[in-house]
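Below: the structure, in structure tokens.
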Amino acid sequence: MKEHENVQESFKIKLKNRFQALTDMENVENETIEEKWRKIRTVFTETSDSVLGFKEKNKKDSMTQQTWEKIRE
């Protein structure tokens with residue numbers, strides 16, 4: 001449980017720092033809402049990737065060789 005709390009706290013700190021950097025750059029007047037949203041989404045995604053990493057998916061074949069043999073019978 002302690003590890004969860006450490007990861008959560010690390011995520012909060014890094015996200016807060018990244019958003020502070022965005023806030024400091026917010027003086028761009030001709031920026032569209034789409035550009036602002038892209039920056040927010042990028043900050044959130046990159047922070048998540050750096051703190052949490054990627055979860056590898058175990059992809060299994062949907063049909064085994066035995067299933068194919070049963071279908072052919």
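Letters for chains follow the order of the structure tokens (A, B, ...), residue numbers begin at 1 for each chain, and ligand numbers begin at 1 in the order shown.
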Alpha helix (DSSP H) call set, DSSP backbone run, chain A, as JSON, numbers by chain: {"A": [2, 3, 4, 5, 6, 7, 8, 9, 10, 11, 12, 13, 14, 15, 16, 17, 18, 19, 20, 21, 22, 23, 24, 33, 34, 35, 36, 37, 38, 39, 40, 41, 42, 43, 44, 45, 46, 47, 48, 49, 50, 51, 52, 65, 66, 67, 68, 69, 70, 71, 72]}
Could you take the residues named above and write them with C-alpha atoms, as a PDB file, in the first residue's frame?
```
ATOM      1  CA  LYS A   2       2.917   2.320   0.737  1.00  0.00           C
ATOM      2  CA  GLU A   3       4.189   1.903  -2.822  1.00  0.00           C
ATOM      3  CA  HIS A   4       0.808   3.060  -4.199  1.00  0.00           C
ATOM      4  CA  GLU A   5       0.988   6.179  -2.076  1.00  0.00           C
ATOM      5  CA  ASN A   6       4.529   6.913  -3.278  1.00  0.00           C
ATOM      6  CA  VAL A   7       3.536   6.556  -6.935  1.00  0.00           C
ATOM      7  CA  GLN A   8       0.463   8.713  -6.417  1.00  0.00           C
ATOM      8  CA  GLU A   9       2.456  11.438  -4.674  1.00  0.00           C
ATOM      9  CA  SER A  10       5.161  11.354  -7.347  1.00  0.00           C
ATOM     10  CA  PHE A  11       2.523  11.671 -10.072  1.00  0.00           C
ATOM     11  CA  LYS A  12       0.862  14.628  -8.327  1.00  0.00           C
ATOM     12  CA  ILE A  13       4.161  16.480  -7.908  1.00  0.00           C
ATOM     13  CA  LYS A  14       5.329  15.945 -11.483  1.00  0.00           C
ATOM     14  CA  LEU A  15       1.928  16.858 -12.919  1.00  0.00           C
ATOM     15  CA  LYS A  16       1.748  20.000 -10.801  1.00  0.00           C
ATOM     16  CA  ASN A  17       5.226  21.059 -11.948  1.00  0.00           C
ATOM     17  CA  ARG A  18       4.373  20.486 -15.601  1.00  0.00           C
ATOM     18  CA  PHE A  19       1.120  22.437 -15.350  1.00  0.00           C
ATOM     19  CA  GLN A  20       2.957  25.269 -13.604  1.00  0.00           C
ATOM     20  CA  ALA A  21       5.257  25.456 -16.616  1.00  0.00           C
ATOM     21  CA  LEU A  22       2.200  25.616 -18.900  1.00  0.00           C
ATOM     22  CA  THR A  23       0.659  28.348 -16.783  1.00  0.00           C
ATOM     23  CA  ASP A  24       3.846  30.376 -17.085  1.00  0.00           C
ATOM     24  CA  ILE A  33      -8.623  26.158 -27.526  1.00  0.00           C
ATOM     25  CA  GLU A  34      -7.539  23.075 -29.504  1.00  0.00           C
ATOM     26  CA  GLU A  35      -3.871  24.009 -29.095  1.00  0.00           C
ATOM     27  CA  LYS A  36      -4.358  24.571 -25.368  1.00  0.00           C
ATOM     28  CA  TRP A  37      -6.142  21.227 -25.022  1.00  0.00           C
ATOM     29  CA  ARG A  38      -3.357  19.473 -26.955  1.00  0.00           C
ATOM     30  CA  LYS A  39      -0.792  20.884 -24.517  1.00  0.00           C
ATOM     31  CA  ILE A  40      -2.828  19.784 -21.498  1.00  0.00           C
ATOM     32  CA  ARG A  41      -3.349  16.298 -22.905  1.00  0.00           C
ATOM     33  CA  THR A  42       0.345  15.989 -23.775  1.00  0.00           C
ATOM     34  CA  VAL A  43       1.420  17.013 -20.268  1.00  0.00           C
ATOM     35  CA  PHE A  44      -0.934  14.507 -18.672  1.00  0.00           C
ATOM     36  CA  THR A  45       0.078  11.678 -21.013  1.00  0.00           C
ATOM     37  CA  GLU A  46       3.820  12.260 -20.733  1.00  0.00           C
ATOM     38  CA  THR A  47       3.635  12.527 -16.954  1.00  0.00           C
ATOM     39  CA  SER A  48       1.629   9.310 -16.767  1.00  0.00           C
ATOM     40  CA  ASP A  49       4.134   7.520 -18.982  1.00  0.00           C
ATOM     41  CA  SER A  50       7.115   8.687 -16.959  1.00  0.00           C
ATOM     42  CA  VAL A  51       5.620   7.821 -13.553  1.00  0.00           C
ATOM     43  CA  LEU A  52       3.562   4.744 -14.335  1.00  0.00           C
ATOM     44  CA  GLN A  65      -4.696 -25.464 -33.075  1.00  0.00           C
ATOM     45  CA  GLN A  66      -7.104 -27.818 -31.280  1.00  0.00           C
ATOM     46  CA  THR A  67     -10.006 -25.511 -32.063  1.00  0.00           C
ATOM     47  CA  TRP A  68      -9.090 -25.466 -35.739  1.00  0.00           C
ATOM     48  CA  GLU A  69      -8.955 -29.256 -35.782  1.00  0.00           C
ATOM     49  CA  LYS A  70     -12.421 -29.505 -34.207  1.00  0.00           C
ATOM     50  CA  ILE A  71     -13.857 -27.132 -36.807  1.00  0.00           C
ATOM     51  CA  ARG A  72     -12.455 -29.216 -39.652  1.00  0.00           C
TER      52      ARG A  72
END
```
